[in-house]
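A.B. asks: Structure supplied as target.csv; contents: CSV, C-alpha atoms.
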```csv
chain,number,residue,atom,x,y,z
A,1,MET,CA,-21.0,-91.2,18.7
A,2,LEU,CA,-17.2,-91.2,18.7
A,3,LYS,CA,-17.1,-90.8,15.0
A,4,SER,CA,-19.6,-87.9,15.1
A,5,ALA,CA,-17.6,-86.2,17.8
A,6,LEU,CA,-14.4,-86.6,15.9
A,7,LEU,CA,-16.1,-85.2,12.8
A,8,LEU,CA,-17.3,-82.1,14.6
A,9,ILE,CA,-13.8,-81.5,16.0
A,10,ALA,CA,-12.3,-81.9,12.6
A,11,LEU,CA,-14.9,-79.4,11.1
A,12,PHE,CA,-14.2,-76.9,13.9
A,13,ILE,CA,-10.4,-77.1,13.4
A,14,SER,CA,-10.7,-76.8,9.6
A,15,SER,CA,-13.1,-73.8,10.0
A,16,PHE,CA,-10.7,-72.2,12.5
A,17,ALA,CA,-7.8,-72.7,10.2
A,18,LEU,CA,-9.7,-71.2,7.3
A,19,SER,CA,-10.7,-68.2,9.3
A,20,GLN,CA,-7.0,-67.7,10.4
A,21,ASP,CA,-5.9,-68.0,6.7
A,22,ALA,CA,-8.5,-65.3,5.8
A,23,LEU,CA,-7.2,-63.0,8.5
A,24,SER,CA,-3.6,-63.6,7.5
A,25,ASN,CA,-4.3,-62.6,3.9
A,26,GLU,CA,-5.5,-59.2,5.0
A,27,LEU,CA,-3.2,-56.3,5.8
A,28,LYS,CA,-2.6,-56.0,9.5
A,29,ILE,CA,-2.8,-52.3,10.6
A,30,PHE,CA,-1.5,-50.7,13.8
A,31,LEU,CA,-3.3,-47.4,14.1
A,32,ASP,CA,-1.2,-45.0,16.2
A,33,CYS,CA,-3.3,-41.8,16.4
A,34,ASN,CA,-4.4,-40.0,19.6
A,35,SER,CA,-6.6,-37.4,17.9
A,36,CYS,CA,-8.5,-39.7,15.4
A,37,ASP,CA,-12.0,-41.3,15.7
A,38,ASN,CA,-10.5,-44.8,15.9
A,39,THR,CA,-14.0,-46.4,16.2
A,40,TYR,CA,-15.2,-44.8,12.9
A,41,ILE,CA,-12.0,-45.8,11.1
A,42,LYS,CA,-12.3,-49.4,12.2
A,43,GLN,CA,-15.9,-49.5,11.2
A,44,ASN,CA,-15.4,-48.1,7.7
A,45,LEU,CA,-12.0,-49.3,6.6
A,46,GLY,CA,-12.3,-52.7,4.9
A,47,HIS,CA,-9.7,-55.3,3.7
A,48,VAL,CA,-7.6,-54.8,6.8
A,49,GLN,CA,-7.3,-56.2,10.3
A,50,PHE,CA,-6.4,-53.8,13.1
A,51,VAL,CA,-3.9,-55.2,15.6
A,52,ARG,CA,-3.1,-54.1,19.2
A,53,ASP,CA,0.7,-53.7,18.9
A,54,GLN,CA,3.0,-52.2,16.3
A,55,ASP,CA,5.2,-55.3,16.1
A,56,LEU,CA,2.2,-57.4,15.1
A,57,GLY,CA,1.3,-55.3,12.1
A,58,ASP,CA,2.2,-55.1,8.4
A,59,VAL,CA,1.7,-51.4,8.4
A,60,HIS,CA,2.2,-48.8,11.2
A,61,LEU,CA,0.1,-45.7,10.7
A,62,PHE,CA,1.9,-43.1,12.7
A,63,PHE,CA,0.1,-39.8,13.1
A,64,ILE,CA,1.6,-36.4,14.0
A,65,THR,CA,-0.7,-33.4,14.4
A,66,GLN,CA,-0.1,-29.7,14.9
A,67,ARG,CA,-2.4,-26.7,15.3
A,68,ASN,CA,-2.5,-24.6,12.1
A,69,GLY,CA,-3.4,-21.0,11.6
A,70,SER,CA,-7.0,-21.6,10.7
A,71,GLY,CA,-7.8,-23.2,14.1
A,72,GLY,CA,-7.7,-26.7,12.6
A,73,ARG,CA,-4.9,-29.2,12.5
A,74,LEU,CA,-2.1,-30.2,10.1
A,75,TYR,CA,-2.0,-34.0,9.9
A,76,GLU,CA,1.0,-36.0,8.8
A,77,ILE,CA,0.6,-39.7,8.4
A,78,ASP,CA,3.7,-41.9,8.2
A,79,PHE,CA,3.0,-45.2,6.5
A,80,ILE,CA,5.7,-47.5,7.9
A,81,GLY,CA,6.0,-51.0,6.3
A,82,LYS,CA,6.9,-53.9,8.6
A,83,ASP,CA,8.6,-57.2,7.8
A,84,ARG,CA,7.9,-58.1,4.1
A,85,PHE,CA,6.7,-54.5,3.5
A,86,GLU,CA,9.7,-52.8,5.2
A,87,ASN,CA,10.9,-51.2,1.9
A,88,ILE,CA,7.6,-49.3,1.6
A,89,ASN,CA,7.8,-46.1,3.7
A,90,TYR,CA,6.3,-42.7,2.9
A,91,LYS,CA,4.0,-40.0,4.3
A,92,LEU,CA,0.9,-38.0,3.4
A,93,LYS,CA,-0.2,-34.6,4.7
A,94,PHE,CA,-3.6,-32.9,4.9
A,95,SER,CA,-5.1,-30.1,6.8
A,96,THR,CA,-8.4,-29.4,8.5
A,97,ASP,CA,-9.9,-26.0,9.5
A,98,SER,CA,-12.1,-24.7,12.4
A,99,ASN,CA,-15.3,-24.8,10.2
A,100,MET,CA,-15.1,-28.6,9.7
A,101,THR,CA,-17.3,-30.8,11.9
A,102,SER,CA,-15.9,-33.9,13.6
A,103,ASP,CA,-17.6,-35.9,10.9
A,104,ASP,CA,-15.8,-34.0,8.1
A,105,ILE,CA,-12.5,-34.5,9.9
A,106,ARG,CA,-12.9,-38.2,10.3
A,107,LYS,CA,-14.0,-38.7,6.7
A,108,ARG,CA,-11.0,-36.8,5.4
A,109,THR,CA,-8.7,-38.8,7.7
A,110,LEU,CA,-10.2,-42.1,6.4
A,111,GLU,CA,-9.9,-40.9,2.8
A,112,HIS,CA,-6.1,-40.3,3.2
A,113,ILE,CA,-5.6,-43.6,5.0
A,114,LYS,CA,-7.2,-45.4,2.0
A,115,ILE,CA,-5.0,-43.5,-0.4
A,116,GLY,CA,-1.9,-44.3,1.5
A,117,LEU,CA,-2.7,-48.1,1.8
A,118,VAL,CA,-3.1,-48.6,-2.0
A,119,ARG,CA,0.6,-49.4,-2.4
A,120,PHE,CA,0.5,-52.0,0.4
A,121,TRP,CA,-2.7,-53.6,-1.0
A,122,ILE,CA,-0.8,-53.9,-4.4
A,123,ALA,CA,2.2,-55.4,-2.7
A,124,ASN,CA,0.0,-57.8,-0.8
A,125,GLY,CA,-1.5,-59.1,-4.0
A,126,ASN,CA,-5.1,-59.0,-2.7
A,127,LEU,CA,-6.9,-56.4,-5.0
A,128,SER,CA,-10.3,-58.1,-5.1
A,129,ASN,CA,-13.1,-55.5,-4.4
A,130,ILE,CA,-10.6,-52.7,-4.2
A,131,SER,CA,-11.0,-49.8,-6.7
A,132,VAL,CA,-9.6,-46.3,-7.1
A,133,SER,CA,-11.7,-43.4,-8.4
A,134,VAL,CA,-9.9,-40.5,-10.1
A,135,PRO,CA,-11.8,-37.5,-11.5
A,136,GLY,CA,-11.4,-36.7,-15.2
A,137,PRO,CA,-9.5,-33.7,-16.6
A,138,GLU,CA,-10.9,-30.3,-16.1
A,139,THR,CA,-12.3,-28.6,-19.2
A,140,GLU,CA,-12.4,-25.1,-17.8
A,141,THR,CA,-9.2,-23.0,-18.3
A,142,GLU,CA,-10.1,-20.1,-16.1
A,143,ASP,CA,-8.4,-19.7,-12.7
A,144,THR,CA,-10.7,-21.3,-10.1
A,145,SER,CA,-8.3,-21.1,-7.1
A,146,GLU,CA,-10.1,-20.0,-4.0
A,147,LYS,CA,-9.3,-16.5,-2.6
A,148,ASP,CA,-9.2,-16.0,1.1
A,149,PRO,CA,-11.5,-13.0,1.9
A,150,TRP,CA,-10.2,-13.0,5.6
A,151,ASN,CA,-6.5,-12.8,4.6
A,152,TYR,CA,-5.6,-15.6,7.2
A,153,TRP,CA,-7.4,-13.9,10.1
A,154,VAL,CA,-9.3,-16.2,12.4
A,155,PHE,CA,-11.6,-14.9,15.2
A,156,ARG,CA,-13.2,-16.9,18.0
A,157,PHE,CA,-15.6,-16.1,20.8
A,158,GLY,CA,-16.5,-18.4,23.7
A,159,ALA,CA,-18.5,-18.3,26.9
A,160,SER,CA,-19.2,-20.9,29.6
A,161,GLY,CA,-20.8,-21.2,33.0
A,162,TYR,CA,-20.8,-23.8,35.7
A,163,PHE,CA,-23.2,-23.8,38.7
A,164,ASN,CA,-23.7,-26.1,41.6
A,165,GLY,CA,-25.0,-26.0,45.1
A,166,GLU,CA,-26.7,-27.7,48.1
A,167,GLU,CA,-28.6,-26.4,51.1
A,168,THR,CA,-25.7,-24.7,52.9
A,169,ASN,CA,-23.5,-23.6,50.0
A,170,ASN,CA,-23.5,-22.8,46.3
A,171,SER,CA,-21.0,-21.7,43.7
A,172,SER,CA,-20.8,-20.4,40.2
A,173,ASN,CA,-18.1,-20.0,37.6
A,174,LEU,CA,-18.3,-17.8,34.6
A,175,HIS,CA,-15.8,-17.5,31.8
A,176,PHE,CA,-15.7,-15.4,28.6
A,177,ASN,CA,-13.0,-15.1,26.0
A,178,LEU,CA,-12.5,-13.5,22.6
A,179,SER,CA,-9.5,-14.1,20.4
A,180,ALA,CA,-8.1,-13.0,17.0
A,181,LYS,CA,-5.0,-14.5,15.3
A,182,ARG,CA,-3.3,-14.5,12.0
A,183,VAL,CA,-0.7,-17.1,11.1
A,184,THR,CA,1.6,-17.2,8.1
A,185,GLU,CA,5.0,-18.6,7.4
A,186,LYS,CA,6.7,-15.3,8.3
A,187,ASN,CA,4.5,-13.9,11.0
A,188,LYS,CA,2.3,-15.2,13.9
A,189,PHE,CA,0.0,-12.6,15.6
A,190,SER,CA,-2.3,-13.5,18.4
A,191,MET,CA,-4.6,-11.5,20.7
A,192,ARG,CA,-6.8,-13.0,23.4
A,193,LEU,CA,-9.2,-11.3,25.9
A,194,ASN,CA,-10.3,-13.3,29.0
A,195,PHE,CA,-12.8,-12.7,31.8
A,196,SER,CA,-13.5,-15.2,34.6
A,197,GLU,CA,-15.3,-15.0,37.9
A,198,ASN,CA,-15.6,-17.6,40.7
A,199,LYS,CA,-18.2,-17.0,43.4
A,200,SER,CA,-18.9,-19.2,46.4
A,201,THR,CA,-21.5,-18.7,49.1
A,202,PHE,CA,-21.5,-20.6,52.4
A,203,THR,CA,-24.2,-20.4,55.0
A,204,PHE,CA,-23.2,-20.9,58.7
A,205,ASP,CA,-25.3,-20.1,61.8
A,206,GLY,CA,-27.6,-18.1,59.6
A,207,ASP,CA,-24.8,-15.9,58.1
A,208,ASP,CA,-23.6,-16.0,54.5
A,209,ILE,CA,-19.9,-16.1,53.8
A,210,VAL,CA,-19.3,-14.9,50.2
A,211,SER,CA,-16.0,-15.5,48.3
A,212,VAL,CA,-15.5,-13.8,45.0
A,213,ASN,CA,-12.4,-14.1,42.7
A,214,ASN,CA,-12.3,-12.5,39.3
A,215,ASN,CA,-9.6,-12.1,36.6
A,216,LYS,CA,-9.5,-10.0,33.5
A,217,SER,CA,-6.6,-10.0,31.0
A,218,LEU,CA,-5.7,-9.0,27.5
A,219,ASN,CA,-2.7,-10.9,26.0
A,220,VAL,CA,-1.0,-9.9,22.7
A,221,SER,CA,1.9,-11.4,20.9
A,222,ASP,CA,3.6,-10.9,17.6
A,223,ILE,CA,6.2,-13.4,16.4
A,224,LEU,CA,8.3,-13.0,13.3
A,225,SER,CA,10.5,-15.6,11.5
A,226,ILE,CA,14.1,-14.8,10.7
A,227,ASN,CA,15.2,-18.1,9.1
A,228,GLU,CA,14.9,-21.9,9.7
A,229,HIS,CA,16.4,-21.7,13.2
A,230,TRP,CA,15.8,-18.1,14.5
A,231,SER,CA,12.8,-16.1,15.4
A,232,TYR,CA,11.9,-13.1,17.5
A,233,GLY,CA,8.8,-11.6,19.0
A,234,PHE,CA,7.0,-9.2,21.3
A,235,PHE,CA,4.8,-10.2,24.2
A,236,GLY,CA,2.5,-8.0,26.2
A,237,ASN,CA,-0.4,-8.4,28.6
A,238,ILE,CA,-2.6,-6.2,30.8
A,239,GLY,CA,-5.2,-7.2,33.4
A,240,THR,CA,-6.4,-7.5,37.0
A,241,SER,CA,-6.6,-10.4,39.5
A,242,THR,CA,-8.1,-10.3,42.9
A,243,TYR,CA,-6.6,-13.7,43.8
A,244,ARG,CA,-3.1,-12.5,42.9
A,245,ASN,CA,-3.6,-9.0,44.6
A,246,TYR,CA,-3.4,-7.1,41.3
A,247,ASP,CA,-5.6,-4.0,40.9
A,248,LEU,CA,-3.8,-3.6,37.6
A,249,PHE,CA,-0.8,-5.1,36.0
A,250,TRP,CA,0.9,-4.9,32.6
A,251,ARG,CA,3.9,-6.6,31.0
A,252,PHE,CA,5.9,-5.9,27.8
A,253,ARG,CA,8.8,-8.2,26.9
A,254,PRO,CA,10.6,-8.6,23.6
A,255,ALA,CA,12.1,-12.1,23.0
A,256,ILE,CA,14.3,-14.1,20.8
A,257,GLU,CA,14.4,-17.9,20.2
A,258,TYR,CA,16.7,-20.4,18.6
A,259,ASN,CA,15.7,-23.9,17.5
A,260,PHE,CA,18.6,-26.3,17.1
A,261,PHE,CA,16.5,-28.2,14.5
A,262,ASN,CA,14.7,-26.8,11.6
A,263,TYR,CA,11.2,-25.5,12.5
A,264,GLU,CA,9.8,-27.7,9.7
A,265,GLU,CA,10.7,-30.7,11.9
A,266,SER,CA,8.9,-29.4,15.0
A,267,ALA,CA,6.1,-32.0,14.9
A,268,LYS,CA,8.7,-34.8,15.4
A,269,LYS,CA,11.5,-33.1,17.3
A,270,GLN,CA,12.6,-29.7,18.5
A,271,LEU,CA,15.1,-28.2,21.0
A,272,ILE,CA,14.7,-24.5,21.6
A,273,LEU,CA,16.5,-21.9,23.7
A,274,SER,CA,14.6,-18.6,24.3
A,275,TYR,CA,15.3,-15.3,26.1
A,276,ARG,CA,12.8,-12.6,27.2
A,277,ASN,CA,13.6,-9.2,28.8
A,278,GLY,CA,11.2,-6.4,29.5
A,279,LEU,CA,9.1,-4.2,31.8
A,280,VAL,CA,6.7,-5.3,34.6
A,281,PHE,CA,4.2,-2.9,36.2
A,282,ASN,CA,2.1,-3.9,39.3
A,283,ASP,CA,-0.5,-1.8,41.0
A,284,TYR,CA,-1.6,-3.8,44.1
A,285,ILE,CA,-5.0,-4.1,45.8
A,286,GLU,CA,-3.3,-4.3,49.2
A,287,ARG,CA,0.2,-3.1,50.0
A,288,SER,CA,2.7,-5.9,49.2
A,289,VAL,CA,5.1,-7.7,51.6
A,290,PHE,CA,7.8,-5.3,50.3
A,291,GLY,CA,5.7,-2.3,51.3
A,292,LYS,CA,4.8,-1.3,47.7
A,293,ASP,CA,1.5,0.0,46.5
A,294,LYS,CA,2.7,0.0,42.9
A,295,GLU,CA,6.1,-0.5,41.2
A,296,LEU,CA,7.8,-0.7,37.8
A,297,LEU,CA,10.4,-3.4,37.4
A,298,PHE,CA,12.7,-5.1,34.9
A,299,GLN,CA,12.4,-8.9,34.5
A,300,HIS,CA,14.1,-11.4,32.3
A,301,SER,CA,13.7,-15.2,31.7
A,302,PHE,CA,15.5,-18.1,30.0
A,303,LEU,CA,13.9,-21.3,28.7
A,304,LEU,CA,15.4,-24.4,27.4
A,305,GLY,CA,12.9,-26.9,26.1
A,306,GLY,CA,12.7,-29.9,23.9
A,307,SER,CA,10.3,-32.6,22.6
A,308,VAL,CA,10.7,-35.8,20.6
A,309,ARG,CA,7.8,-37.9,19.1
A,310,GLN,CA,8.7,-41.2,17.4
A,311,GLU,CA,7.2,-44.7,16.9
A,312,TRP,CA,8.5,-45.7,20.4
A,313,GLY,CA,6.7,-42.9,22.2
A,314,ASN,CA,7.3,-39.3,23.1
A,315,ILE,CA,9.4,-37.2,25.5
A,316,ASN,CA,8.9,-33.6,26.6
A,317,GLY,CA,11.0,-31.5,28.9
A,318,GLU,CA,11.9,-28.0,29.8
A,319,ALA,CA,13.9,-25.9,32.3
A,320,SER,CA,13.0,-22.2,32.9
A,321,PHE,CA,14.5,-19.4,35.0
A,322,ASN,CA,12.8,-16.0,35.8
A,323,GLN,CA,14.5,-13.2,37.6
A,324,TYR,CA,13.9,-9.5,38.6
A,325,LEU,CA,16.9,-7.4,37.7
A,326,HIS,CA,16.5,-4.8,40.5
A,327,ASP,CA,17.0,-7.6,43.1
A,328,THR,CA,18.5,-10.8,41.6
A,329,THR,CA,17.5,-12.9,44.7
A,330,LEU,CA,13.9,-12.6,43.5
A,331,ASN,CA,13.8,-15.4,41.1
A,332,SER,CA,12.2,-18.8,40.2
A,333,LEU,CA,13.6,-21.9,38.7
A,334,GLY,CA,11.4,-24.7,37.2
A,335,PHE,CA,11.8,-28.1,35.7
A,336,TYR,CA,9.4,-30.3,33.8
A,337,LEU,CA,9.8,-33.8,32.3
A,338,GLY,CA,7.2,-36.0,30.8
A,339,ALA,CA,7.5,-39.3,28.8
A,340,ASN,CA,5.4,-42.0,27.4
A,341,ILE,CA,7.6,-44.8,26.1
A,342,ARG,CA,6.9,-48.2,24.6
A,343,MET,CA,9.4,-50.5,26.4
A,344,PHE,CA,8.6,-53.7,24.6
A,345,LYS,CA,5.7,-55.5,22.9
A,346,GLY,CA,2.5,-54.6,24.7
A,347,PHE,CA,4.2,-52.7,27.6
A,348,ASN,CA,4.1,-48.9,27.9
A,349,PHE,CA,5.6,-46.7,30.6
A,350,ASN,CA,4.6,-43.1,31.3
A,351,VAL,CA,6.1,-40.6,33.8
A,352,GLY,CA,5.7,-36.9,34.3
A,353,GLY,CA,6.7,-34.3,36.9
A,354,ASN,CA,7.1,-30.6,37.5
A,355,TYR,CA,9.1,-28.9,40.3
A,356,ARG,CA,9.4,-25.1,40.7
A,357,ILE,CA,11.4,-23.1,43.3
A,358,THR,CA,9.6,-19.8,43.9
A,359,ARG,CA,11.5,-16.9,45.3
A,360,ASN,CA,9.8,-14.1,43.4
A,361,GLN,CA,6.3,-13.7,44.9
A,362,ILE,CA,6.5,-9.9,45.2
A,363,ASN,CA,2.7,-9.5,44.7
A,364,LEU,CA,1.8,-11.1,48.1
A,365,PRO,CA,-0.2,-8.7,50.3
A,366,ALA,CA,1.3,-7.7,53.7
A,367,GLY,CA,-0.2,-8.9,56.9
A,368,ASP,CA,-1.6,-12.2,58.1
A,369,VAL,CA,-4.1,-14.4,56.1
A,370,SER,CA,-7.3,-15.1,58.0
A,371,LEU,CA,-8.6,-18.7,58.3
A,372,GLU,CA,-11.6,-17.7,56.2
A,373,GLU,CA,-9.3,-16.5,53.4
A,374,LEU,CA,-7.2,-19.6,53.7
A,375,LEU,CA,-10.1,-22.0,53.4
A,376,LEU,CA,-11.8,-20.1,50.6
A,377,GLN,CA,-8.6,-19.6,48.7
A,378,GLN,CA,-9.3,-15.9,48.3
A,379,GLN,CA,-5.7,-14.9,47.9
A,380,GLN,CA,-2.4,-16.4,46.9
A,381,LEU,CA,-0.2,-17.7,49.8
A,382,GLN,CA,3.6,-17.7,50.1
A,383,SER,CA,5.2,-20.9,49.0
A,384,GLY,CA,8.9,-21.6,48.5
A,385,TYR,CA,8.2,-24.4,46.0
A,386,ASN,CA,5.4,-26.4,44.2
A,387,TYR,CA,5.5,-29.7,42.5
A,388,TRP,CA,3.4,-32.6,41.0
A,389,VAL,CA,4.4,-36.1,39.8
A,390,ASN,CA,2.6,-38.9,38.0
A,391,VAL,CA,3.9,-42.4,37.2
A,392,GLY,CA,2.1,-45.3,35.4
A,393,PHE,CA,2.4,-48.2,33.1
A,394,SER,CA,0.2,-50.5,31.0
A,395,TYR,CA,0.6,-54.0,29.7
A,396,GLN,CA,-1.6,-55.6,27.1
A,397,PHE,CA,-1.6,-59.2,25.9
A,398,GLY,CA,-4.0,-61.7,24.3
A,399,SER,CA,-5.5,-61.7,20.8
A,400,ILE,CA,-3.5,-59.6,18.3
A,401,TYR,CA,-6.7,-58.4,16.5
A,402,ASN,CA,-8.8,-55.5,17.7
A,403,SER,CA,-10.9,-54.6,14.6
A,404,ILE,CA,-14.3,-55.4,16.1
A,405,VAL,CA,-16.2,-52.4,17.5
A,406,ASN,CA,-19.1,-52.9,20.0
A,407,PRO,CA,-20.7,-49.6,21.0
A,408,ARG,CA,-23.3,-51.0,23.4
A,409,PHE,CA,-23.7,-49.2,26.7
A,410,ASN,CA,-21.1,-46.6,25.8
A,411,PHE,CA,-23.1,-43.8,27.4
```
For the file at hand, write its structure as structure tokens.
C.D. replies:
Amino acid sequence: MLKSALLLIALFISSFALSQDALSNELKIFLDCNSCDNTYIKQNLGHVQFVRDQDLGDVHLFFITQRNGSGGRLYEIDFIGKDRFENINYKLKFSTDSNMTSDDIRKRTLEHIKIGLVRFWIANGNLSNISVSVPGPETETEDTSEKDPWNYWVFRFGASGYFNGEETNNSSNLHFNLSAKRVTEKNKFSMRLNFSENKSTFTFDGDDIVSVNNNKSLNVSDILSINEHWSYGFFGNIGTSTYRNYDLFWRFRPAIEYNFFNYEESAKKQLILSYRNGLVFNDYIERSVFGKDKELLFQHSFLLGGSVRQEWGNINGEASFNQYLHDTTLNSLGFYLGANIRMFKGFNFNVGGNYRITRNQINLPAGDVSLEELLLQQQQLQSGYNYWVNVGFSYQFGSIYNSIVNPRFNF
């Protein structure tokens, strides 16, 4: 019996060692992508092992994405070699468009990951069952480049509704939007039309209390490039808002912006300073706290904002200042800071917060707010400030491998 037990232990240890050797011969991949279908990639990318931390991998796949003019995304993958592969570092780029399904996008993502890993597979010396397929030379000589019949214009229409209720109350939310935009290297034009309505009905002592808030707006912007650091633009909007006491409002503000880094680096880092100055017109539903039924004002604003996204995490922050020029005491000052930082192996820390001092609520209606209006949030209330804060961390330890996908009871 003792000999049999010892034999079983020896077989287990040898099989465990063989399995560990097999794992160690495969490329260890750390997939760092917030917008990818990670489950699909793990299920369909062979000859690799996915690990839970970037310091445990042979290759760090670091994804950066930005919205492109077609409504899709521009993907940039950094293939960062670790340890014995530290001399292999390069990047691949590809784009998606709004007509692609999620399946199309994940297939294209997987295709570029495979292309990028070829050099690492070669350096690893494990080329069994790995092949590369390249199409043959084209025999046609005529120009087959695809023409864009829309000339970079992209249009979108959307509608949504939400309804809920119980015996004594019910509510509905309707939203419609229509947008058109055209994005090129030199010019970015955007137009968006919005309509939303929130309706709530409460029954109390046989009486119905109805609260209705609706908002309509049209926003138009036209931004032009000057060079790698400067750009200018024009921003306008017009609309109504029962919650904010606007029977009609419109804004028109030219603006200029300077980026301390090249705009081409905006996916990884940017630091911008912008200034806007223009006209503001308000026609109020109820007379304002300043005794105005309507008014035309000048307003300007400054914004300093920056963002950094690297292997260790990302940081975003901005400071903004808005002021009416007819009365400089009417102003607001806001700050925002958010970060998600990898402190050490397995440990991530995230923090975010926003604080705004508001001294420019000229649209507030005169008179007292009833309890009914307060509870139903039928109109905006005076407030000298507003804020929010979130703090958190995560720590992960255990097995370095996380290639296995088990989708049972995911719904």
A.B. asks: Could you tell me which of A:Phe204, A:Phe234, A:Phe163, A:Phe79 comes closest to Arg251 (chain A) if we count only C-alpha atoms?
C.D. replies: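 Among the listed residues, A:Phe234 lies closest to Arg251 (chain A).
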A.B. asks: For Asn129 (chain A), which residue among A:Gly72, A:Gly57, A:Gly161, A:Gly46 is the nearest when counting all atoms listed in the file?
C.D. replies: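 Using all atoms listed in the file, Asn129 (chain A) sits closest to A:Gly46.
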A.B. asks: Restricting the calculation to all atoms listed in the file: of A:Leu296, A:Thr96, A:Lys268, A:Glu166, which residue gets closest to Thr201 (chain A)?
C.D. replies: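 Of A:Leu296, A:Thr96, A:Lys268, A:Glu166, the one nearest Thr201 (chain A) is A:Glu166, counting all atoms listed in the file.
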A.B. asks: Calculate how many Å separate CA of Phe189 (chain A) from CA of Asn237 (chain A), rounding to one decimal.
C.D. replies: 13.7 Å
A.B. asks: Between A:Phe30, A:Glu311, A:Gly334, A:Val183, single out the one closest to Lys42 (chain A), counting all atoms listed in the file.
C.D. replies: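 Answer, going by the shortest atom-to-atom distance: A:Phe30.
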A.B. asks: A:Leu193, A:Ile256, A:Ile400, A:Leu279: which is nearest Ala159 (chain A), counting only C-alpha atoms?
C.D. replies: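 Smallest separation from Ala159 (chain A) among the options: A:Leu193.
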A.B. asks: Can you work out the spacing between CA of Tyr162 (chain A) and CA of Phe195 (chain A) in Å, to one decimal?
C.D. replies: 14.2 Å
A.B. asks: What is the distance between CA of Tyr387 (chain A) and CA of Asn354 (chain A), in Å to one decimal?
C.D. replies: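 Calculated distance between CA of Tyr387 (chain A) and CA of Asn354 (chain A) is 5.3 Å.
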A.B. asks: When you look at region 215-223 of chain A with a cut-off of 7 Å (counting only C-alpha atoms), what residues show up, excluding the ones that are within fewer than 4 positions of it in the same chain? I need them as a PDB file with C-alpha atoms, in the frame of the given file.
C.D. replies:
```pdb
ATOM      1  CA  ASN A 187       4.500 -13.900  11.000  1.00  0.00           C
ATOM      2  CA  LYS A 188       2.300 -15.200  13.900  1.00  0.00           C
ATOM      3  CA  PHE A 189       0.000 -12.600  15.600  1.00  0.00           C
ATOM      4  CA  SER A 190      -2.300 -13.500  18.400  1.00  0.00           C
ATOM      5  CA  MET A 191      -4.600 -11.500  20.700  1.00  0.00           C
ATOM      6  CA  ARG A 192      -6.800 -13.000  23.400  1.00  0.00           C
ATOM      7  CA  LEU A 193      -9.200 -11.300  25.900  1.00  0.00           C
ATOM      8  CA  ASN A 194     -10.300 -13.300  29.000  1.00  0.00           C
ATOM      9  CA  PHE A 195     -12.800 -12.700  31.800  1.00  0.00           C
ATOM     10  CA  SER A 196     -13.500 -15.200  34.600  1.00  0.00           C
ATOM     11  CA  GLU A 197     -15.300 -15.000  37.900  1.00  0.00           C
ATOM     12  CA  TYR A 232      11.900 -13.100  17.500  1.00  0.00           C
ATOM     13  CA  GLY A 233       8.800 -11.600  19.000  1.00  0.00           C
ATOM     14  CA  PHE A 234       7.000  -9.200  21.300  1.00  0.00           C
ATOM     15  CA  PHE A 235       4.800 -10.200  24.200  1.00  0.00           C
ATOM     16  CA  GLY A 236       2.500  -8.000  26.200  1.00  0.00           C
ATOM     17  CA  ASN A 237      -0.400  -8.400  28.600  1.00  0.00           C
ATOM     18  CA  ILE A 238      -2.600  -6.200  30.800  1.00  0.00           C
ATOM     19  CA  GLY A 239      -5.200  -7.200  33.400  1.00  0.00           C
ATOM     20  CA  THR A 240      -6.400  -7.500  37.000  1.00  0.00           C
ATOM     21  CA  SER A 241      -6.600 -10.400  39.500  1.00  0.00           C
ATOM     22  CA  THR A 242      -8.100 -10.300  42.900  1.00  0.00           C
TER      23      THR A 242
END
```
